[in-house]
Amino acid sequence: MSLLSVNNLGKAYRTYTSELQRVARWFGLPVKPSEEHWVLQHLSFNIEAGEAIGIVGQNGAGKSTLLKMITGTLQPTEGHVQVNGRIAAILELGMGFTPDLTGRQNVYHAAGLMGFNSEQIDEIIDDIAAFAEIGSYFDDAVRTYSSGMQMRVAFAVATAFRPDILIVDEALSVGDSYFQHKSFERIREFQRQGTTLLIVSHDRGSIQALCDRAILLEKGTVIKDGNPEEVMDFYNALIAEKENSKVEVRELEDGSLQTRSGSGEASIGAVTLHNAAGERIEFASVGEPVSLRVQTQINIPIPELVVGYMIKDRLGQPVFGTNTHHLGCTLHDLQAGETPGYSFNFIANLGVGSYSVAVALHTTDSHLARNYEWVDLTLVFNVVNISQGEFVGLAWIPPTVECHR
Amino acid sequence: MLELFRSLWGYRGFVFSSIRNEFSARFSRSRLGGLWMIINPLAQVAIYALVLSNVLAAKLPGIENKYAYALYLMAGILAWSLFAEIIGRCLTLFIDQGNLMKKMRFPRITLPVIVVGSCLLNYLLLFVALLVVFALLGQWPQWQMLWLIPLTVVVTALAVGLGLIIGVLNVFIRDVGQVIPILLQIWFWFTPVVYPLNIIPDEYKGYMAMNPMFPIVSAYHDVLVYARAPDMQSIALTAAIALVLLGLGLFMFRRAAPEMVDVL
């Protein structure tokens, strides 16, 4: 039995020509709504204990509607959500706080709202106070708190009991960076103890760092459900996709998925990595000067061309990216048939591991304006350590050392 | 239905703390604090007693006390204020708590229960103040006052039933929120709270029977002012109406609850 199972879930907002018709419906009269606006439809997925799932999607894709139905504040129009455990959400911190009451009183009240009785709260009230770290303010009126202190107390209550499913809004900021680390540590601790995380985010970094699965919502349906890197690539391509360009996903020989999108005025040819001697390589050694060569082809005359690339680690986290706009090498007034070639020369100051390169052709400084073509995983190369001392990490930052005794 | 009460029981801590918070928040920054809980109703009752009796000097037939009219008025007000307060608060309850309902998952039924709890507490304080003023005016507590317990239950049930119905409707049809206070005003003047029944011309007295609050207010008069048992038959009728409305209110509440969040 899954921890959470969402079955053919749908939500429609209904409008009636007269509200009296709605009332008549409660009494069983067969009245048809004048309009049904479906914000979510045909959603099905299962979530098991201990998973960490990122829910991504553009504004209006239905993320919050889905979460509201999972938490139970919103009732589905069709299908159902089955939850076998307790859900806690840290989306709306500080709901139900009364400014004139003390932090302690508000904690009792807020925990009561979560369904705990006062004996249960008695047991953990000291932990909550200790976690919030606001000292004697805990017994002062919440009205005198700074917003950061209020957040601390609210977060401490919301996570006082370990839930089976924890819903986290990534945009949530819990005050200062010290407390942010602390609250994140608690979330990770819950995860280690078997809590399933549902994280809503736009941020590729946090989704890939925290989640082992991502679900992409678009126009009220799940359009992709899989490993975070692939889903985020698809999502980025989706954002970039303006006008009537298309997104295409192709499976590479090693089984990973490559996303190619764009409107097609220009396309990306061979992308290769070369050493100082100009030989094509697949392995670069740490600190070696290398050259990333990108061949492009212009299909239709375009006024401007910018080439960008991004080096990502094996988890898909961006390591370094830039483009010819920032490098001061934007080309103008290109004719069909031209094949501009680029060489990006840099020192491979990277840690040992496997890296991939994504390349994009666009205008101005980002691919959001016009996206001619975007290809993920155009090139995969490895960095090996031949000549340097032992080190760990993503980057090669060679230090010198001075030692005093 | 059983589930409804079970979830309510599970959230009893929340209900109590909500009621307590409401009161403590109301008085938390005043010097006299909780004393205001008594002073307020006391002052309200005392003003009625002094002003109306001395200035208007109205006397009720059949009572020797100089303050007879004040006693009569206060008894009626006690009943009406409970009724009107519950209805008034239920009317905007779901709209006021809309944000909470949208963001948190908890049994919705706790909301009207909290309202009833805090209104009953107010009522109790008003009653204590009323006893004090009655004693000062020479009317001592007597056994007939025990009738107030079932009477309170009936008036509460009537008010909650009506309150739930209009509260739910008000979420979808906001005009309800505008029209109900007017109707309540009219209803107030069609109930003998500030005037004695005998000033109504005989040919209109029959219409009073259609007013479910009439037997209630009359019973409060009987019990508190005349120290006699109320008319059971008319009370039973009002109790039946209250029960039907309460059932209808709960039914509508349960039907509307999933849709309420959609439009709030």
# chains A, B, ... in the order shown; residues from 1 in each chain; ligands from 1

$ interface_residues --of "chain B" --to "chain A" --cutoff "9 Å" --atoms "only C-alpha atoms" --output "number ranges by chain"
B: 10-15, 17-18, 21-22, 24-26, 28-29, 99-106, 169, 172-173, 251-252, 255-256, 258-259, 261-263

$ residues_around --residues "segment 159-166 of chain A" --least-positions-apart "4" --cutoff "10 Å" --atoms "only C-alpha atoms" --output "PyMOL selection string"
chain A and resi 3-4+47-52+71+83-90+111+116+120-121+124-125+127-128+131+154-155+183+186-187+189-191+193-199

$ residues_around --residues "segment 59-62 of chain A" --least-positions-apart "3" --cutoff "8 Å" --atoms "only C-alpha atoms" --output "PyMOL selection string"
chain A and resi 39-40+65-66+217-221

$ closest_residue --among "B:Met145, B:Val179, B:Leu82, B:Met210" --to "Tyr123 of chain B" --atoms "only C-alpha atoms"
B:Leu82

$ atom_distance --atom1 "atom CA of Ala358 of chain A" --atom2 "atom CA of Val168 of chain A"
29.7 Å

$ residues_around --residues "Ile165 of chain B" --least-positions-apart "3" --cutoff "10 Å" --atoms "only C-alpha atoms" --output "number ranges by chain"
B: 87, 90-91, 159-162, 168-170, 245-253

$ write_last_selection --atoms "N, CA, C and O atoms" --output "mmCIF file, in the first residue's frame"
data_model
loop_
_atom_site.group_PDB
_atom_site.id
_atom_site.type_symbol
_atom_site.label_atom_id
_atom_site.label_comp_id
_atom_site.auth_asym_id
_atom_site.auth_seq_id
_atom_site.Cartn_x
_atom_site.Cartn_y
_atom_site.Cartn_z
ATOM 1 N N ILE B 87 -26.384 34.223 15.796
ATOM 2 C CA ILE B 87 -26.730 34.398 14.382
ATOM 3 C C ILE B 87 -25.759 35.355 13.703
ATOM 4 O O ILE B 87 -25.235 35.090 12.620
ATOM 5 N N CYS B 90 -22.389 33.640 13.236
ATOM 6 C CA CYS B 90 -22.430 32.549 12.246
ATOM 7 C C CYS B 90 -22.525 33.120 10.830
ATOM 8 O O CYS B 90 -21.992 32.550 9.887
ATOM 9 N N LEU B 91 -23.194 34.256 10.718
ATOM 10 C CA LEU B 91 -23.436 34.852 9.406
ATOM 11 C C LEU B 91 -22.125 35.078 8.646
ATOM 12 O O LEU B 91 -22.021 34.772 7.463
ATOM 13 N N ALA B 159 -30.808 29.255 17.222
ATOM 14 C CA ALA B 159 -29.873 30.221 16.641
ATOM 15 C C ALA B 159 -28.809 29.532 15.796
ATOM 16 O O ALA B 159 -28.467 30.001 14.709
ATOM 17 N N VAL B 160 -28.297 28.394 16.264
ATOM 18 C CA VAL B 160 -27.248 27.705 15.508
ATOM 19 C C VAL B 160 -27.815 27.162 14.198
ATOM 20 O O VAL B 160 -27.189 27.267 13.141
ATOM 21 N N GLY B 161 -29.039 26.599 14.277
ATOM 22 C CA GLY B 161 -29.673 26.080 13.065
ATOM 23 C C GLY B 161 -29.800 27.167 12.016
ATOM 24 O O GLY B 161 -29.343 27.020 10.878
ATOM 25 N N LEU B 162 -30.397 28.280 12.418
ATOM 26 C CA LEU B 162 -30.552 29.407 11.494
ATOM 27 C C LEU B 162 -29.191 29.954 11.063
ATOM 28 O O LEU B 162 -28.967 30.240 9.882
ATOM 29 N N VAL B 168 -23.792 29.531 5.694
ATOM 30 C CA VAL B 168 -23.400 28.794 4.494
ATOM 31 C C VAL B 168 -23.848 29.548 3.244
ATOM 32 O O VAL B 168 -23.079 29.737 2.300
ATOM 33 N N LEU B 169 -25.087 30.023 3.270
ATOM 34 C CA LEU B 169 -25.598 30.754 2.097
ATOM 35 C C LEU B 169 -24.778 32.009 1.835
ATOM 36 O O LEU B 169 -24.514 32.373 0.697
ATOM 37 N N ASN B 170 -24.362 32.654 2.909
ATOM 38 C CA ASN B 170 -23.644 33.916 2.773
ATOM 39 C C ASN B 170 -22.316 33.748 2.040
ATOM 40 O O ASN B 170 -21.830 34.677 1.401
ATOM 41 N N LEU B 245 -34.497 23.059 12.044
ATOM 42 C CA LEU B 245 -33.538 24.005 11.471
ATOM 43 C C LEU B 245 -32.099 23.542 11.694
ATOM 44 O O LEU B 245 -31.247 23.671 10.817
ATOM 45 N N LEU B 246 -31.855 22.989 12.875
ATOM 46 C CA LEU B 246 -30.519 22.516 13.187
ATOM 47 C C LEU B 246 -30.131 21.380 12.232
ATOM 48 O O LEU B 246 -29.016 21.338 11.713
ATOM 49 N N GLY B 247 -31.092 20.484 12.011
ATOM 50 C CA GLY B 247 -30.839 19.379 11.078
ATOM 51 C C GLY B 247 -30.566 19.892 9.676
ATOM 52 O O GLY B 247 -29.605 19.488 9.014
ATOM 53 N N LEU B 248 -31.407 20.834 9.241
ATOM 54 C CA LEU B 248 -31.238 21.412 7.913
ATOM 55 C C LEU B 248 -29.893 22.144 7.810
ATOM 56 O O LEU B 248 -29.168 22.016 6.816
ATOM 57 N N GLY B 249 -29.585 22.885 8.866
ATOM 58 C CA GLY B 249 -28.322 23.629 8.886
ATOM 59 C C GLY B 249 -27.129 22.696 8.764
ATOM 60 O O GLY B 249 -26.222 22.925 7.968
ATOM 61 N N LEU B 250 -27.134 21.612 9.548
ATOM 62 C CA LEU B 250 -26.028 20.659 9.496
ATOM 63 C C LEU B 250 -25.936 19.997 8.126
ATOM 64 O O LEU B 250 -24.846 19.801 7.588
ATOM 65 N N PHE B 251 -27.102 19.671 7.573
ATOM 66 C CA PHE B 251 -27.127 19.050 6.245
ATOM 67 C C PHE B 251 -26.507 19.981 5.203
ATOM 68 O O PHE B 251 -25.634 19.602 4.426
ATOM 69 N N MET B 252 -26.950 21.243 5.219
ATOM 70 C CA MET B 252 -26.415 22.201 4.247
ATOM 71 C C MET B 252 -24.931 22.440 4.460
ATOM 72 O O MET B 252 -24.155 22.557 3.516
ATOM 73 N N PHE B 253 -24.550 22.482 5.726
ATOM 74 C CA PHE B 253 -23.145 22.692 6.048
ATOM 75 C C PHE B 253 -22.288 21.568 5.480
ATOM 76 O O PHE B 253 -21.254 21.794 4.860
#

$ residues_around --residues "Met213 of chain B" --least-positions-apart "2" --cutoff "10 Å" --atoms "only C-alpha atoms" --output "ChimeraX atom specification"
/B:79-80,83,155,158-159,187-188,190-192,208-211,215-219,235,238

$ atom_distance --atom1 "atom CA of Ile114 of chain B" --atom2 "atom CA of Met151 of chain A"
26.5 Å

$ residues_around --residues "Ala70 of chain B" --least-positions-apart "2" --cutoff "8 Å" --atoms "only C-alpha atoms" --output "ChimeraX atom specification"
/B:48-50,52-53,67-68,72-74

$ select_by_dssp --residues "segment 37-127 of chain B" --states "helix (DSSP H, G or I)" --output "MDAnalysis selection string"
chainID B and resid 37:56 68:96 98:103 110:127

$ select_by_dssp --residues "segment 165-215 of chain A" --states "strand (DSSP E)" --output "PyMOL selection string"
chain A and resi 165-169+196-200+213-215

$ write_last_selection --atoms "C-alpha atoms" --output "PDB file, in the first residue's frame"
ATOM      1  CA  ILE A 165       4.653  13.380   4.482  1.00  0.00           C
ATOM      2  CA  LEU A 166       6.136  16.832   4.680  1.00  0.00           C
ATOM      3  CA  ILE A 167       5.201  19.426   2.104  1.00  0.00           C
ATOM      4  CA  VAL A 168       7.726  22.182   1.716  1.00  0.00           C
ATOM      5  CA  ASP A 169       7.520  25.291  -0.370  1.00  0.00           C
ATOM      6  CA  THR A 196       8.466  11.554   2.432  1.00  0.00           C
ATOM      7  CA  LEU A 197       9.194  15.044   1.184  1.00  0.00           C
ATOM      8  CA  LEU A 198       7.112  16.892  -1.353  1.00  0.00           C
ATOM      9  CA  ILE A 199       8.963  19.976  -2.470  1.00  0.00           C
ATOM     10  CA  VAL A 200       7.494  22.697  -4.608  1.00  0.00           C
ATOM     11  CA  ARG A 213      12.132  12.093  -8.265  1.00  0.00           C
ATOM     12  CA  ALA A 214      10.403  15.029  -9.886  1.00  0.00           C
ATOM     13  CA  ILE A 215       6.922  15.528 -11.237  1.00  0.00           C
TER      14      ILE A 215
END

$ atom_distance --atom1 "atom CA of Leu264 of chain B" --atom2 "atom CA of Ser146 of chain A"
29.6 Å

$ decode --residues "segment 295-310 of chain A" --atoms "all heavy atoms" --output "PDB file, in the first residue's frame"
ATOM      1  N   GLN A 295      30.122  23.848 -33.381  1.00  0.00           N
ATOM      2  CA  GLN A 295      29.783  24.174 -34.767  1.00  0.00           C
ATOM      3  C   GLN A 295      28.302  24.531 -34.837  1.00  0.00           C
ATOM      4  O   GLN A 295      27.472  23.853 -34.239  1.00  0.00           O
ATOM      5  CB  GLN A 295      30.042  22.955 -35.660  1.00  0.00           C
ATOM      6  CG  GLN A 295      31.477  22.841 -36.148  1.00  0.00           C
ATOM      7  CD  GLN A 295      31.928  24.069 -36.928  1.00  0.00           C
ATOM      8  OE1 GLN A 295      31.162  24.635 -37.701  1.00  0.00           O
ATOM      9  NE2 GLN A 295      33.164  24.503 -36.708  1.00  0.00           N
ATOM     10  N   THR A 296      27.986  25.599 -35.540  1.00  0.00           N
ATOM     11  CA  THR A 296      26.572  25.950 -35.666  1.00  0.00           C
ATOM     12  C   THR A 296      26.240  26.110 -37.143  1.00  0.00           C
ATOM     13  O   THR A 296      27.126  26.248 -37.982  1.00  0.00           O
ATOM     14  CB  THR A 296      26.260  27.271 -34.945  1.00  0.00           C
ATOM     15  OG1 THR A 296      27.034  28.299 -35.557  1.00  0.00           O
ATOM     16  CG2 THR A 296      26.593  27.186 -33.477  1.00  0.00           C
ATOM     17  N   GLN A 297      24.967  26.094 -37.416  1.00  0.00           N
ATOM     18  CA  GLN A 297      24.517  26.288 -38.790  1.00  0.00           C
ATOM     19  C   GLN A 297      23.304  27.203 -38.788  1.00  0.00           C
ATOM     20  O   GLN A 297      22.376  27.040 -37.985  1.00  0.00           O
ATOM     21  CB  GLN A 297      24.139  24.942 -39.405  1.00  0.00           C
ATOM     22  CG  GLN A 297      23.390  25.112 -40.707  1.00  0.00           C
ATOM     23  CD  GLN A 297      23.682  24.014 -41.690  1.00  0.00           C
ATOM     24  OE1 GLN A 297      24.152  22.940 -41.304  1.00  0.00           O
ATOM     25  NE2 GLN A 297      23.390  24.258 -42.961  1.00  0.00           N
ATOM     26  N   ILE A 298      23.314  28.200 -39.692  1.00  0.00           N
ATOM     27  CA  ILE A 298      22.191  29.128 -39.784  1.00  0.00           C
ATOM     28  C   ILE A 298      21.242  28.605 -40.866  1.00  0.00           C
ATOM     29  O   ILE A 298      21.654  28.386 -42.008  1.00  0.00           O
ATOM     30  CB  ILE A 298      22.672  30.543 -40.161  1.00  0.00           C
ATOM     31  CG1 ILE A 298      23.843  30.974 -39.265  1.00  0.00           C
ATOM     32  CG2 ILE A 298      21.521  31.540 -40.087  1.00  0.00           C
ATOM     33  CD1 ILE A 298      23.534  30.998 -37.798  1.00  0.00           C
ATOM     34  N   ASN A 299      19.996  28.402 -40.514  1.00  0.00           N
ATOM     35  CA  ASN A 299      19.025  27.861 -41.468  1.00  0.00           C
ATOM     36  C   ASN A 299      18.204  28.952 -42.137  1.00  0.00           C
ATOM     37  O   ASN A 299      17.810  28.843 -43.289  1.00  0.00           O
ATOM     38  CB  ASN A 299      18.096  26.885 -40.771  1.00  0.00           C
ATOM     39  CG  ASN A 299      18.874  25.758 -40.109  1.00  0.00           C
ATOM     40  OD1 ASN A 299      19.875  25.291 -40.648  1.00  0.00           O
ATOM     41  ND2 ASN A 299      18.450  25.362 -38.933  1.00  0.00           N
ATOM     42  N   ILE A 300      17.908  30.003 -41.380  1.00  0.00           N
ATOM     43  CA  ILE A 300      17.095  31.110 -41.871  1.00  0.00           C
ATOM     44  C   ILE A 300      17.837  32.376 -41.446  1.00  0.00           C
ATOM     45  O   ILE A 300      18.427  32.384 -40.351  1.00  0.00           O
ATOM     46  CB  ILE A 300      15.696  31.078 -41.213  1.00  0.00           C
ATOM     47  CG1 ILE A 300      14.954  29.798 -41.606  1.00  0.00           C
ATOM     48  CG2 ILE A 300      14.861  32.303 -41.584  1.00  0.00           C
ATOM     49  CD1 ILE A 300      13.662  29.590 -40.858  1.00  0.00           C
ATOM     50  N   PRO A 301      17.867  33.440 -42.276  1.00  0.00           N
ATOM     51  CA  PRO A 301      18.580  34.660 -41.847  1.00  0.00           C
ATOM     52  C   PRO A 301      18.070  35.153 -40.498  1.00  0.00           C
ATOM     53  O   PRO A 301      16.860  35.231 -40.282  1.00  0.00           O
ATOM     54  CB  PRO A 301      18.255  35.663 -42.954  1.00  0.00           C
ATOM     55  CG  PRO A 301      17.901  34.827 -44.133  1.00  0.00           C
ATOM     56  CD  PRO A 301      17.302  33.570 -43.608  1.00  0.00           C
ATOM     57  N   ILE A 302      18.999  35.430 -39.590  1.00  0.00           N
ATOM     58  CA  ILE A 302      18.606  35.941 -38.273  1.00  0.00           C
ATOM     59  C   ILE A 302      19.446  37.160 -37.956  1.00  0.00           C
ATOM     60  O   ILE A 302      20.590  37.280 -38.411  1.00  0.00           O
ATOM     61  CB  ILE A 302      18.787  34.875 -37.164  1.00  0.00           C
ATOM     62  CG1 ILE A 302      20.155  34.179 -37.283  1.00  0.00           C
ATOM     63  CG2 ILE A 302      17.666  33.844 -37.207  1.00  0.00           C
ATOM     64  CD1 ILE A 302      20.451  33.229 -36.139  1.00  0.00           C
ATOM     65  N   PRO A 303      18.896  38.086 -37.192  1.00  0.00           N
ATOM     66  CA  PRO A 303      19.612  39.340 -36.912  1.00  0.00           C
ATOM     67  C   PRO A 303      20.737  39.175 -35.900  1.00  0.00           C
ATOM     68  O   PRO A 303      21.665  39.969 -35.883  1.00  0.00           O
ATOM     69  CB  PRO A 303      18.522  40.258 -36.349  1.00  0.00           C
ATOM     70  CG  PRO A 303      17.495  39.330 -35.780  1.00  0.00           C
ATOM     71  CD  PRO A 303      17.528  38.091 -36.619  1.00  0.00           C
ATOM     72  N   GLU A 304      20.681  38.159 -35.078  1.00  0.00           N
ATOM     73  CA  GLU A 304      21.630  38.118 -33.972  1.00  0.00           C
ATOM     74  C   GLU A 304      21.801  36.682 -33.514  1.00  0.00           C
ATOM     75  O   GLU A 304      20.846  35.909 -33.521  1.00  0.00           O
ATOM     76  CB  GLU A 304      21.074  38.965 -32.818  1.00  0.00           C
ATOM     77  CG  GLU A 304      22.003  39.100 -31.642  1.00  0.00           C
ATOM     78  CD  GLU A 304      21.389  39.969 -30.545  1.00  0.00           C
ATOM     79  OE1 GLU A 304      20.781  41.004 -30.857  1.00  0.00           O
ATOM     80  OE2 GLU A 304      21.526  39.595 -29.373  1.00  0.00           O
ATOM     81  N   LEU A 305      23.020  36.321 -33.120  1.00  0.00           N
ATOM     82  CA  LEU A 305      23.233  34.960 -32.620  1.00  0.00           C
ATOM     83  C   LEU A 305      24.152  34.991 -31.402  1.00  0.00           C
ATOM     84  O   LEU A 305      25.218  35.592 -31.425  1.00  0.00           O
ATOM     85  CB  LEU A 305      23.864  34.074 -33.705  1.00  0.00           C
ATOM     86  CG  LEU A 305      24.182  32.643 -33.253  1.00  0.00           C
ATOM     87  CD1 LEU A 305      22.917  31.860 -32.979  1.00  0.00           C
ATOM     88  CD2 LEU A 305      25.038  31.935 -34.285  1.00  0.00           C
ATOM     89  N   VAL A 306      23.683  34.359 -30.351  1.00  0.00           N
ATOM     90  CA  VAL A 306      24.493  34.193 -29.148  1.00  0.00           C
ATOM     91  C   VAL A 306      24.579  32.706 -28.872  1.00  0.00           C
ATOM     92  O   VAL A 306      23.591  31.991 -28.982  1.00  0.00           O
ATOM     93  CB  VAL A 306      23.852  34.933 -27.947  1.00  0.00           C
ATOM     94  CG1 VAL A 306      24.576  34.588 -26.651  1.00  0.00           C
ATOM     95  CG2 VAL A 306      23.871  36.441 -28.176  1.00  0.00           C
ATOM     96  N   VAL A 307      25.773  32.229 -28.560  1.00  0.00           N
ATOM     97  CA  VAL A 307      25.950  30.813 -28.233  1.00  0.00           C
ATOM     98  C   VAL A 307      26.296  30.709 -26.753  1.00  0.00           C
ATOM     99  O   VAL A 307      27.196  31.398 -26.281  1.00  0.00           O
ATOM    100  CB  VAL A 307      27.073  30.190 -29.076  1.00  0.00           C
ATOM    101  CG1 VAL A 307      27.297  28.737 -28.668  1.00  0.00           C
ATOM    102  CG2 VAL A 307      26.742  30.302 -30.547  1.00  0.00           C
ATOM    103  N   GLY A 308      25.541  29.881 -26.056  1.00  0.00           N
ATOM    104  CA  GLY A 308      25.817  29.688 -24.639  1.00  0.00           C
ATOM    105  C   GLY A 308      26.098  28.233 -24.358  1.00  0.00           C
ATOM    106  O   GLY A 308      25.643  27.356 -25.083  1.00  0.00           O
ATOM    107  N   TYR A 309      26.900  27.973 -23.336  1.00  0.00           N
ATOM    108  CA  TYR A 309      27.102  26.574 -22.941  1.00  0.00           C
ATOM    109  C   TYR A 309      27.100  26.479 -21.431  1.00  0.00           C
ATOM    110  O   TYR A 309      27.336  27.458 -20.724  1.00  0.00           O
ATOM    111  CB  TYR A 309      28.408  26.014 -23.524  1.00  0.00           C
ATOM    112  CG  TYR A 309      29.666  26.588 -22.922  1.00  0.00           C
ATOM    113  CD1 TYR A 309      30.332  25.914 -21.900  1.00  0.00           C
ATOM    114  CD2 TYR A 309      30.183  27.791 -23.378  1.00  0.00           C
ATOM    115  CE1 TYR A 309      31.479  26.433 -21.341  1.00  0.00           C
ATOM    116  CE2 TYR A 309      31.322  28.319 -22.811  1.00  0.00           C
ATOM    117  CZ  TYR A 309      31.974  27.647 -21.799  1.00  0.00           C
ATOM    118  OH  TYR A 309      33.100  28.167 -21.243  1.00  0.00           O
ATOM    119  N   MET A 310      26.797  25.302 -20.972  1.00  0.00           N
ATOM    120  CA  MET A 310      26.729  25.075 -19.532  1.00  0.00           C
ATOM    121  C   MET A 310      27.356  23.724 -19.241  1.00  0.00           C
ATOM    122  O   MET A 310      26.990  22.711 -19.845  1.00  0.00           O
ATOM    123  CB  MET A 310      25.271  25.064 -19.103  1.00  0.00           C
ATOM    124  CG  MET A 310      25.023  24.559 -17.719  1.00  0.00           C
ATOM    125  SD  MET A 310      24.880  25.897 -16.568  1.00  0.00           S
ATOM    126  CE  MET A 310      23.191  26.362 -16.885  1.00  0.00           C
TER     127      MET A 310
END
